[in-house]
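Trainee: File structure_0.tsv below, TSV, C-alpha atoms:
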chain	number	residue	atom	x	y	z
A	267	MET	CA	65.75	121.62	-48.18
A	268	ILE	CA	66.58	119.26	-51.04
A	269	GLU	CA	70.17	118.06	-51.03
A	270	LEU	CA	71.52	116.54	-54.23
A	271	GLU	CA	74.82	115.00	-53.25
A	272	GLY	CA	76.67	113.27	-56.06
A	273	VAL	CA	74.77	115.02	-58.86
A	274	PRO	CA	77.20	117.03	-61.04
A	275	GLU	CA	76.45	120.46	-62.41
A	276	LEU	CA	74.11	119.88	-65.34
A	277	ILE	CA	74.32	121.22	-68.88
A	278	ASP	CA	71.15	122.88	-70.25
A	279	PRO	CA	68.99	120.41	-68.29
A	280	VAL	CA	65.50	119.43	-69.41
A	281	MET	CA	63.19	117.49	-67.11
A	282	VAL	CA	61.15	114.75	-68.86
A	283	ALA	CA	58.38	113.18	-66.79
A	284	ALA	CA	55.75	110.46	-67.19
A	285	PHE	CA	53.39	108.78	-64.75
A	286	GLU	CA	51.61	105.45	-64.90
A	287	GLY	CA	47.86	105.60	-64.49
A	288	TRP	CA	45.07	107.72	-65.90
A	289	ASN	CA	47.29	109.77	-68.21
A	290	ASP	CA	49.19	106.76	-69.59
A	291	ALA	CA	46.98	104.86	-72.04
A	292	GLY	CA	48.76	101.79	-73.34
A	293	ASP	CA	51.66	102.62	-70.96
A	294	ALA	CA	52.96	104.68	-73.89
A	295	ALA	CA	54.29	107.62	-71.87
A	296	SER	CA	55.93	105.75	-68.98
A	297	THR	CA	57.51	103.31	-71.45
A	298	ALA	CA	59.01	106.26	-73.34
A	299	VAL	CA	60.80	107.54	-70.23
A	300	ALA	CA	61.86	103.99	-69.35
A	301	HIS	CA	63.36	103.73	-72.84
A	302	LEU	CA	65.39	106.90	-72.27
A	303	GLU	CA	66.65	105.54	-68.94
A	304	ARG	CA	67.66	102.26	-70.54
A	305	GLU	CA	69.30	103.68	-73.67
A	306	TRP	CA	71.28	106.32	-71.79
A	307	LYS	CA	71.87	104.26	-68.62
A	308	GLY	CA	70.21	106.68	-66.26
A	309	GLU	CA	71.30	106.66	-62.63
A	310	VAL	CA	68.61	107.17	-59.98
A	311	PHE	CA	69.62	109.93	-57.56
A	312	ALA	CA	66.36	110.54	-55.68
A	313	ALA	CA	63.02	108.94	-54.87
A	314	LEU	CA	59.95	110.52	-53.29
A	315	ASP	CA	58.75	109.08	-50.00
A	316	ALA	CA	56.07	106.55	-50.99
A	317	GLU	CA	54.09	107.00	-47.75
A	318	ASP	CA	53.54	110.68	-48.50
A	319	TYR	CA	51.72	110.18	-51.79
A	320	TYR	CA	50.46	106.64	-52.35
A	321	ASP	CA	47.59	104.50	-51.12
A	322	PHE	CA	49.12	101.04	-50.89
A	323	GLN	CA	45.72	99.39	-51.30
A	324	VAL	CA	45.52	101.03	-54.73
A	325	ASN	CA	49.18	100.65	-55.71
A	326	ARG	CA	50.49	97.69	-53.77
A	327	PRO	CA	54.17	97.09	-52.96
A	328	THR	CA	55.82	94.01	-54.44
A	329	VAL	CA	58.25	91.53	-52.91
A	330	PHE	CA	61.14	89.87	-54.73
A	331	MET	CA	64.16	87.69	-54.00
A	332	ASP	CA	67.64	89.24	-54.24
A	333	GLY	CA	70.41	86.71	-53.60
A	334	GLY	CA	68.20	84.71	-51.28
A	335	VAL	CA	67.03	87.80	-49.39
A	336	ARG	CA	63.42	88.97	-49.65
A	337	LYS	CA	63.12	92.67	-50.52
A	338	ILE	CA	60.16	94.96	-51.02
A	339	THR	CA	59.74	97.54	-53.77
A	340	TRP	CA	57.41	100.39	-52.85
A	341	PRO	CA	55.38	102.27	-55.46
A	342	THR	CA	56.90	105.72	-55.83
A	343	THR	CA	58.36	108.27	-58.23
A	344	ARG	CA	62.09	108.22	-58.97
A	345	LEU	CA	64.40	110.74	-60.57
A	346	SER	CA	67.45	109.88	-62.65
A	347	VAL	CA	69.87	111.92	-64.70
A	348	VAL	CA	71.46	111.15	-68.06
A	349	ARG	CA	74.04	113.03	-70.08
A	350	VAL	CA	73.46	113.18	-73.82
A	351	GLY	CA	76.70	113.55	-75.77
A	352	GLY	CA	77.32	114.75	-79.29
A	353	ASP	CA	77.97	118.17	-80.79
A	354	LYS	CA	75.56	119.83	-78.36
A	355	PRO	CA	75.76	117.88	-75.08
A	356	ARG	CA	72.98	118.36	-72.57
A	357	ASP	CA	71.51	116.61	-69.54
A	358	LEU	CA	68.07	115.14	-69.04
A	359	VAL	CA	66.44	114.74	-65.65
A	360	LEU	CA	64.07	111.79	-66.03
A	361	VAL	CA	61.05	111.48	-63.73
A	362	ARG	CA	59.16	108.18	-63.82
A	363	GLY	CA	56.58	106.99	-61.36
A	364	ILE	CA	52.92	106.39	-60.63
A	365	GLU	CA	50.21	109.02	-60.49
A	366	PRO	CA	49.96	109.84	-56.76
A	367	SER	CA	46.91	108.89	-54.74
A	368	MET	CA	46.99	112.00	-52.52
A	369	ARG	CA	48.69	115.33	-51.76
A	370	TRP	CA	49.09	116.32	-55.39
A	371	ARG	CA	50.12	119.90	-54.60
A	372	SER	CA	52.90	118.74	-52.28
A	373	PHE	CA	53.93	116.16	-54.88
A	374	CYS	CA	54.28	118.82	-57.59
A	375	ASN	CA	56.05	121.22	-55.22
A	376	GLU	CA	58.62	118.54	-54.39
A	377	LEU	CA	59.33	117.89	-58.07
A	378	LEU	CA	59.58	121.64	-58.68
A	379	GLY	CA	62.08	121.83	-55.81
A	380	PHE	CA	64.30	119.34	-57.64
A	381	ALA	CA	63.85	121.28	-60.88
A	382	HIS	CA	64.91	124.51	-59.18
A	383	GLU	CA	67.95	123.00	-57.48
A	384	LEU	CA	69.11	121.37	-60.72
A	385	GLY	CA	68.61	124.49	-62.85
A	386	VAL	CA	66.04	122.85	-65.14
A	387	GLU	CA	65.25	125.10	-68.10
A	388	LEU	CA	62.21	123.24	-69.44
A	389	VAL	CA	59.82	120.57	-68.15
A	390	VAL	CA	58.31	118.17	-70.69
A	391	ILE	CA	55.55	115.89	-69.43
A	392	LEU	CA	54.51	112.92	-71.56
A	393	GLY	CA	50.96	111.59	-71.60
A	394	ALA	CA	48.70	109.29	-73.61
A	395	LEU	CA	44.93	109.21	-73.90
A	396	LEU	CA	42.32	107.09	-75.65
A	397	GLY	CA	40.88	108.46	-78.89
A	398	ASP	CA	39.00	107.57	-82.04
A	399	THR	CA	42.15	107.13	-84.09
A	400	PRO	CA	42.94	104.17	-86.38
A	401	HIS	CA	45.96	102.03	-85.56
A	402	THR	CA	46.90	102.02	-89.25
A	403	ARG	CA	47.75	105.73	-89.37
A	404	PRO	CA	50.53	107.75	-87.72
A	405	VAL	CA	49.89	108.33	-84.03
A	406	PRO	CA	48.54	111.86	-83.45
A	407	ILE	CA	50.83	113.80	-81.10
A	408	SER	CA	49.80	117.15	-79.68
A	409	GLY	CA	52.06	119.53	-77.81
A	410	THR	CA	50.29	121.84	-75.36
A	411	THR	CA	51.30	124.52	-72.88
A	412	SER	CA	49.60	127.05	-70.62
A	413	ASP	CA	52.14	129.72	-71.54
A	414	PRO	CA	51.06	131.80	-74.59
A	415	ASP	CA	54.61	133.01	-75.26
A	416	LEU	CA	55.99	129.48	-75.10
A	417	ALA	CA	53.20	128.29	-77.42
A	418	ARG	CA	54.20	130.84	-80.06
A	419	ARG	CA	57.93	130.30	-79.65
A	420	MET	CA	57.82	126.49	-79.83
A	421	ASN	CA	54.86	126.12	-82.23
A	422	LEU	CA	52.62	124.48	-79.60
A	423	GLU	CA	48.93	124.62	-78.82
A	424	GLU	CA	47.85	126.83	-75.95
A	425	THR	CA	45.67	124.54	-73.87
A	426	LYS	CA	42.02	125.53	-73.51
A	427	TYR	CA	40.88	122.33	-71.79
A	428	GLU	CA	38.27	122.52	-69.04
A	429	GLY	CA	37.30	119.46	-67.00
A	430	PRO	CA	38.77	116.71	-64.79
A	431	MET	CA	42.56	116.61	-64.65
A	432	GLY	CA	45.26	114.05	-64.11
A	433	ILE	CA	48.69	114.61	-62.64
A	434	VAL	CA	50.09	115.61	-66.06
A	435	GLY	CA	47.85	118.67	-66.22
A	436	ILE	CA	48.31	119.50	-62.54
A	437	LEU	CA	52.11	119.41	-62.82
A	438	GLN	CA	52.05	121.54	-65.96
A	439	GLU	CA	49.91	124.17	-64.21
A	440	ALA	CA	52.18	124.07	-61.14
A	441	CYS	CA	55.20	124.71	-63.38
A	442	THR	CA	53.45	127.62	-65.08
A	443	HIS	CA	52.55	129.27	-61.76
A	444	ALA	CA	56.14	128.76	-60.55
A	445	GLY	CA	57.55	130.42	-63.68
A	446	VAL	CA	59.07	127.19	-65.05
A	447	PRO	CA	58.46	126.66	-68.81
A	448	ALA	CA	56.43	123.45	-69.21
A	449	VAL	CA	55.08	121.48	-72.16
A	450	SER	CA	52.88	118.40	-72.37
A	451	LEU	CA	53.16	115.96	-75.28
A	452	TRP	CA	50.09	113.78	-75.77
A	453	ALA	CA	49.74	110.62	-77.85
A	454	ALA	CA	46.31	109.44	-78.98
A	455	VAL	CA	45.99	105.66	-78.50
A	456	PRO	CA	43.24	103.75	-80.38
A	457	HIS	CA	40.52	103.04	-77.82
A	458	TYR	CA	39.78	99.64	-79.37
A	459	VAL	CA	43.31	98.34	-78.82
A	460	SER	CA	44.27	100.03	-75.58
A	461	GLN	CA	46.07	97.29	-73.66
A	462	PRO	CA	49.78	97.84	-73.09
A	463	PRO	CA	52.28	97.89	-74.52
A	464	ASN	CA	51.82	100.23	-77.45
A	465	PRO	CA	55.30	100.69	-78.97
A	466	LYS	CA	53.90	102.69	-81.88
A	467	ALA	CA	52.60	105.40	-79.52
A	468	THR	CA	55.81	105.29	-77.49
A	469	LEU	CA	57.85	105.77	-80.68
A	470	ALA	CA	55.69	108.71	-81.75
A	471	LEU	CA	56.18	110.42	-78.37
A	472	LEU	CA	59.95	110.00	-78.55
A	473	ASN	CA	60.06	111.35	-82.12
A	474	ARG	CA	58.14	114.45	-81.03
A	475	LEU	CA	60.33	114.86	-77.94
A	476	GLU	CA	63.42	114.62	-80.14
A	477	ASP	CA	62.17	117.50	-82.28
A	478	LEU	CA	61.14	119.57	-79.27
A	479	ILE	CA	64.46	119.45	-77.42
A	480	ASP	CA	66.62	119.12	-80.56
A	481	THR	CA	68.41	116.04	-79.24
A	482	HIS	CA	68.92	112.76	-81.11
A	483	ILE	CA	67.29	109.86	-79.27
A	484	PRO	CA	68.53	106.32	-80.01
A	485	LEU	CA	65.50	104.15	-80.72
A	486	GLY	CA	67.03	100.68	-80.42
A	487	GLU	CA	64.48	98.04	-81.42
A	488	LEU	CA	61.49	100.32	-80.86
A	489	SER	CA	60.83	100.92	-84.58
A	490	GLU	CA	60.72	97.18	-85.26
A	491	ASP	CA	58.51	96.62	-82.22
A	492	ALA	CA	56.10	99.26	-83.52
A	493	ARG	CA	55.90	97.57	-86.93
A	494	ALA	CA	55.32	94.16	-85.34
A	495	TRP	CA	52.60	95.62	-83.12
A	496	GLN	CA	50.74	97.07	-86.11
A	497	VAL	CA	50.99	93.79	-88.04
A	498	GLY	CA	49.57	91.93	-85.05
A	499	VAL	CA	46.63	94.33	-84.69
A	500	ASP	CA	46.03	94.16	-88.46
A	501	GLN	CA	45.70	90.40	-88.22
A	502	LEU	CA	43.31	90.56	-85.27
A	503	ALA	CA	41.17	93.24	-86.92
A	504	SER	CA	40.93	91.27	-90.16
A	505	GLU	CA	39.36	88.35	-88.30
A	506	ASP	CA	36.21	90.35	-87.45
A	507	SER	CA	34.28	92.06	-90.26
A	508	GLU	CA	32.64	94.58	-87.91
A	509	VAL	CA	35.97	95.61	-86.49
A	510	ALA	CA	37.49	95.89	-89.97
A	511	GLU	CA	34.58	98.07	-91.08
A	512	TYR	CA	34.92	100.28	-88.03
A	513	VAL	CA	38.67	100.73	-88.56
A	514	GLN	CA	37.98	101.66	-92.19
A	515	SER	CA	35.52	104.34	-91.06
A	516	LEU	CA	38.16	105.80	-88.74
A	517	GLU	CA	40.70	105.78	-91.57
A	518	GLU	CA	38.32	107.64	-93.89
A	519	ALA	CA	37.54	110.25	-91.24
A	520	ARG	CA	41.21	110.71	-90.39
A	521	ASP	CA	42.29	111.02	-94.03
A	522	THR	CA	39.55	113.54	-94.79
A	523	ALA	CA	40.44	115.65	-91.75
A	524	GLU	CA	44.12	115.71	-92.68
A	525	LEU	CA	43.80	116.61	-96.38
A	526	PRO	CA	44.74	120.27	-95.75
A	527	GLU	CA	47.98	119.07	-94.16
A	528	ALA	CA	49.20	117.69	-97.49
A	529	SER	CA	50.85	121.02	-98.21
A	530	GLY	CA	54.34	121.98	-99.32
A	531	GLU	CA	55.06	123.35	-95.83
A	532	ALA	CA	54.05	120.09	-94.14
A	533	ILE	CA	56.13	118.03	-96.58
A	534	ALA	CA	59.13	120.30	-96.00
A	535	ARG	CA	58.84	119.86	-92.24
A	536	GLU	CA	58.82	116.09	-92.56
A	537	PHE	CA	61.82	116.17	-94.93
A	538	GLU	CA	63.78	118.31	-92.46
A	539	ARG	CA	62.94	115.83	-89.70
A	540	TYR	CA	64.22	112.98	-91.89
A	541	LEU	CA	67.51	114.77	-92.55
A	542	ARG	CA	68.06	115.56	-88.86
A	543	ARG	CA	67.32	111.98	-87.87
A	544	ARG	CA	69.65	110.58	-90.57
A	545	ASP	CA	72.51	112.88	-89.55
A	546	GLY	CA	72.00	112.08	-85.87
A	547	SER	CA	71.95	108.34	-86.48
A	548	SER	CA	75.22	108.37	-88.41
A	549	GLY	CA	77.10	109.99	-85.55
A	550	SER	CA	75.64	108.17	-82.55
A	551	SER	CA	76.27	104.93	-80.80
A	552	GLY	CA	73.73	103.76	-81.28
A	553	SER	CA	35.37	110.51	-69.51
A	554	PRO	CA	37.31	109.32	-66.60
A	555	GLN	CA	36.39	106.24	-64.63
A	556	PRO	CA	38.17	104.40	-61.80
A	557	GLY	CA	41.03	102.34	-63.14
A	558	GLY	CA	40.64	103.76	-66.63
A	559	HIS	CA	42.53	106.26	-68.74
A	560	ALA	CA	42.03	109.78	-69.93
A	561	THR	CA	39.96	109.91	-73.12
A	562	ALA	CA	39.69	112.41	-75.91
A	563	ASP	CA	36.63	114.01	-74.30
A	564	GLY	CA	37.47	113.48	-70.64
A	565	GLY	CA	40.99	114.27	-69.46
A	566	ASP	CA	43.56	117.03	-69.32
A	567	GLY	CA	44.96	116.38	-72.77
A	568	PRO	CA	44.01	117.91	-76.12
A	569	SER	CA	40.73	117.20	-77.87
A	570	PHE	CA	40.76	114.74	-80.76
A	571	ARG	CA	38.00	114.45	-83.33
A	572	ARG	CA	35.30	111.97	-82.40
A	573	ASP	CA	32.78	110.37	-84.75
A	574	THR	CA	29.31	111.87	-84.86
A	575	PRO	CA	26.29	109.88	-83.64
A	576	GLY	CA	25.27	109.29	-87.25
A	577	SER	CA	28.51	107.56	-88.17
A	578	ARG	CA	28.99	103.81	-88.26
A	579	PRO	CA	28.41	102.09	-84.93
A	580	ARG	CA	31.31	100.89	-82.85
A	581	PRO	CA	31.89	97.17	-83.07
A	582	PRO	CA	30.80	95.08	-80.09
A	583	LYS	CA	34.02	93.04	-80.16
A	584	PRO	CA	37.08	95.30	-80.50
A	585	PRO	CA	40.42	93.58	-81.18
A	586	LYS	CA	42.83	92.94	-78.35
A	587	PRO	CA	46.65	92.89	-78.45
A	588	ASP	CA	46.59	89.42	-76.86
A	589	MET	CA	44.00	86.76	-77.43
A	590	ASP	CA	43.19	86.13	-73.77
A	591	GLY	CA	43.41	89.71	-72.42
A	592	GLU	CA	40.44	91.61	-70.98
A	593	ASP	CA	39.18	94.65	-72.88
A	594	SER	CA	38.02	97.90	-71.33
A	595	SER	CA	36.25	100.68	-73.18
A	596	GLU	CA	38.00	103.33	-71.15
A	597	ASP	CA	41.43	101.67	-70.90
Step by step, read the file and then write its structure as structure tokens.
Mentor:
Amino acid sequence: MIELEGVPELIDPVMVAAFEGWNDAGDAASTAVAHLEREWKGEVFAALDAEDYYDFQVNRPTVFMDGGVRKITWPTTRLSVVRVGGDKPRDLVLVRGIEPSMRWRSFCNELLGFAHELGVELVVILGALLGDTPHTRPVPISGTTSDPDLARRMNLEETKYEGPMGIVGILQEACTHAGVPAVSLWAAVPHYVSQPPNPKATLALLNRLEDLIDTHIPLGELSEDARAWQVGVDQLASEDSEVAEYVQSLEEARDTAELPEASGEAIAREFERYLRRRDGSSGSSGSPQPGGHATADGGDGPSFRRDTPGSRPRPPKPPKPDMDGEDSSED
């Protein structure tokens, strides 16, 4: 039995979850939930028992000094709650942790137990995967669900993915079987600049979440961080002609694929988003491999277009967000 002492009765609660690991390319998803915790001063009210779900040789505990006393932080998943004010107040239950090493069904059942006790009306799980997408274009965000009715009602894709899964997909399926509405939001992170952080992907996830739950999210310095990140990657890419050529090929493919989207309906949607965001701002205070990440053709996220074998070859030296960092083709 889950006991939630000290947690008040929640208003229209939505659970928002993200997990470090395979479904978190560039740390984009976990950083998004951390941003919500920080901006809304979330208070942790529960933590899952680390020994039930984690292999400490894979995710090691850390030690730190607190007032001269050594303390240990164990890898786990924590839940916090925040109340969003405004004209339509509501509560968010934030779940942030690490993809578990074992007992995934028990892990999901425990989270669903919290969702049931708190009266959660919708579960939104954030994820990020590696794709053939240029860093110079808007980050592709896909919303998927296993529920056909929810897909139609919220204008989402009904997932048809078959293959290896991460905890994002497993939790979504567990919610569906338990009768809890669940949605996954996926950001596509450029595979050639995959090292964290990726504030541009984090920003895109938060913008899509804002639209989905109809709640204004304060962005703080995230927009400026995203612009600085893109400028930095632009500079690194310009230093290598092969990389610059490859990025250009991705841009051309992306622009060609999105030409049908330049419609009056698409423009109207973006203008409505702009108006909502402006009004909200004025009234507020302001293929899987070990250790890698889900990719566009190997993971439980949506499929993103990949270049054909006859397209330009990938550069042997992709740019890195820091000059001395190690690159990984699947991370």
Trainee: Of the residues A:Asp398, A:Gly352, A:Ala562, A:Val499, which is the one nearest to Glu518 (chain A), using all atoms listed in the file?
Mentor: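 Looking only at the distances to Glu518 (chain A), the closest residue turns out to be A:Asp398.
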Trainee: Which residues are near Thr402 (chain A)? Cut-off 9 Å, only C-alpha atoms, ignore same chain within fewer than 2 positions. Put them as a PyMOL selection string.
Mentor: chain A and resi 399-400+404-405+496+499-500+513+517
Trainee: With C-alpha atoms retained, could you export that selection as a compact mmCIF listing (two decimals), in the coordinates of the input?
Mentor:
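What follows is the written file result.txt:
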# COMPACT_ATOMS: atom_id res chain seq x y z
CA THR A 399 42.15 107.13 -84.09
CA PRO A 400 42.94 104.17 -86.38
CA PRO A 404 50.53 107.75 -87.72
CA VAL A 405 49.89 108.33 -84.03
CA GLN A 496 50.74 97.07 -86.11
CA VAL A 499 46.63 94.33 -84.69
CA ASP A 500 46.03 94.16 -88.46
CA VAL A 513 38.67 100.73 -88.56
CA GLU A 517 40.70 105.78 -91.57
Trainee: To one decimal place in Å, what is the distance between CA of Glu439 (chain A) and CA of Trp288 (chain A)?
Mentor: 17.2 Å
Trainee: So which one's closest to Ala560 (chain A), A:Ile364, A:Ile483, A:Ile277, A:Met431? Using all atoms listed in the file, please.
Mentor: A:Met431
Trainee: Which residue, A:Gly409, A:Pro414, A:Pro355, A:Gly379, has the smallest gap to Ala394 (chain A) when you use all atoms listed in the file?
Mentor: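 So, comparing all the options, the nearest one is A:Gly409.
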Trainee: Enter the distance from CA of Arg362 (chain A) to CA of Pro447 (chain A), in Å, rounded to one decimal.
Mentor: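 Separation between CA of Arg362 (chain A) and CA of Pro447 (chain A): 19.2 Å.
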Trainee: Please, could N, CA, C and O atoms be added to region 370-382 of chain A and the result written as a PDB file, in the coordinates of the input?
Mentor:
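And here's selection.pdb as it stands now:
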ATOM      1  N   TRP A 370      48.554 115.993 -54.069  1.00  0.00           N
ATOM      2  CA  TRP A 370      49.090 116.320 -55.390  1.00  0.00           C
ATOM      3  C   TRP A 370      49.864 117.639 -55.384  1.00  0.00           C
ATOM      4  O   TRP A 370      50.862 117.778 -56.094  1.00  0.00           O
ATOM      5  N   ARG A 371      49.409 118.629 -54.615  1.00  0.00           N
ATOM      6  CA  ARG A 371      50.120 119.900 -54.600  1.00  0.00           C
ATOM      7  C   ARG A 371      51.504 119.742 -53.977  1.00  0.00           C
ATOM      8  O   ARG A 371      52.486 120.295 -54.489  1.00  0.00           O
ATOM      9  N   SER A 372      51.586 118.987 -52.889  1.00  0.00           N
ATOM     10  CA  SER A 372      52.900 118.740 -52.280  1.00  0.00           C
ATOM     11  C   SER A 372      53.791 117.943 -53.214  1.00  0.00           C
ATOM     12  O   SER A 372      54.999 118.182 -53.308  1.00  0.00           O
ATOM     13  N   PHE A 373      53.200 116.979 -53.913  1.00  0.00           N
ATOM     14  CA  PHE A 373      53.930 116.160 -54.880  1.00  0.00           C
ATOM     15  C   PHE A 373      54.568 117.038 -55.950  1.00  0.00           C
ATOM     16  O   PHE A 373      55.767 116.937 -56.243  1.00  0.00           O
ATOM     17  N   CYS A 374      53.768 117.941 -56.536  1.00  0.00           N
ATOM     18  CA  CYS A 374      54.280 118.820 -57.590  1.00  0.00           C
ATOM     19  C   CYS A 374      55.329 119.781 -57.032  1.00  0.00           C
ATOM     20  O   CYS A 374      56.340 120.062 -57.686  1.00  0.00           O
ATOM     21  N   ASN A 375      55.088 120.302 -55.819  1.00  0.00           N
ATOM     22  CA  ASN A 375      56.050 121.220 -55.220  1.00  0.00           C
ATOM     23  C   ASN A 375      57.397 120.536 -54.977  1.00  0.00           C
ATOM     24  O   ASN A 375      58.463 121.156 -55.129  1.00  0.00           O
ATOM     25  N   GLU A 376      57.360 119.252 -54.613  1.00  0.00           N
ATOM     26  CA  GLU A 376      58.620 118.540 -54.390  1.00  0.00           C
ATOM     27  C   GLU A 376      59.377 118.363 -55.696  1.00  0.00           C
ATOM     28  O   GLU A 376      60.600 118.547 -55.754  1.00  0.00           O
ATOM     29  N   LEU A 377      58.670 118.018 -56.762  1.00  0.00           N
ATOM     30  CA  LEU A 377      59.330 117.890 -58.070  1.00  0.00           C
ATOM     31  C   LEU A 377      59.866 119.238 -58.541  1.00  0.00           C
ATOM     32  O   LEU A 377      60.965 119.323 -59.114  1.00  0.00           O
ATOM     33  N   LEU A 378      59.115 120.308 -58.288  1.00  0.00           N
ATOM     34  CA  LEU A 378      59.580 121.640 -58.680  1.00  0.00           C
ATOM     35  C   LEU A 378      60.806 122.047 -57.860  1.00  0.00           C
ATOM     36  O   LEU A 378      61.677 122.771 -58.358  1.00  0.00           O
ATOM     37  N   GLY A 379      60.885 121.572 -56.612  1.00  0.00           N
ATOM     38  CA  GLY A 379      62.080 121.830 -55.810  1.00  0.00           C
ATOM     39  C   GLY A 379      63.313 121.218 -56.438  1.00  0.00           C
ATOM     40  O   GLY A 379      64.378 121.854 -56.512  1.00  0.00           O
ATOM     41  N   PHE A 380      63.186 119.974 -56.925  1.00  0.00           N
ATOM     42  CA  PHE A 380      64.300 119.340 -57.640  1.00  0.00           C
ATOM     43  C   PHE A 380      64.644 120.130 -58.903  1.00  0.00           C
ATOM     44  O   PHE A 380      65.823 120.349 -59.212  1.00  0.00           O
ATOM     45  N   ALA A 381      63.613 120.531 -59.647  1.00  0.00           N
ATOM     46  CA  ALA A 381      63.850 121.280 -60.880  1.00  0.00           C
ATOM     47  C   ALA A 381      64.609 122.559 -60.601  1.00  0.00           C
ATOM     48  O   ALA A 381      65.533 122.935 -61.339  1.00  0.00           O
ATOM     49  N   HIS A 382      64.242 123.254 -59.528  1.00  0.00           N
ATOM     50  CA  HIS A 382      64.910 124.510 -59.180  1.00  0.00           C
ATOM     51  C   HIS A 382      66.368 124.266 -58.790  1.00  0.00           C
ATOM     52  O   HIS A 382      67.273 124.956 -59.260  1.00  0.00           O
TER      53      HIS A 382
END
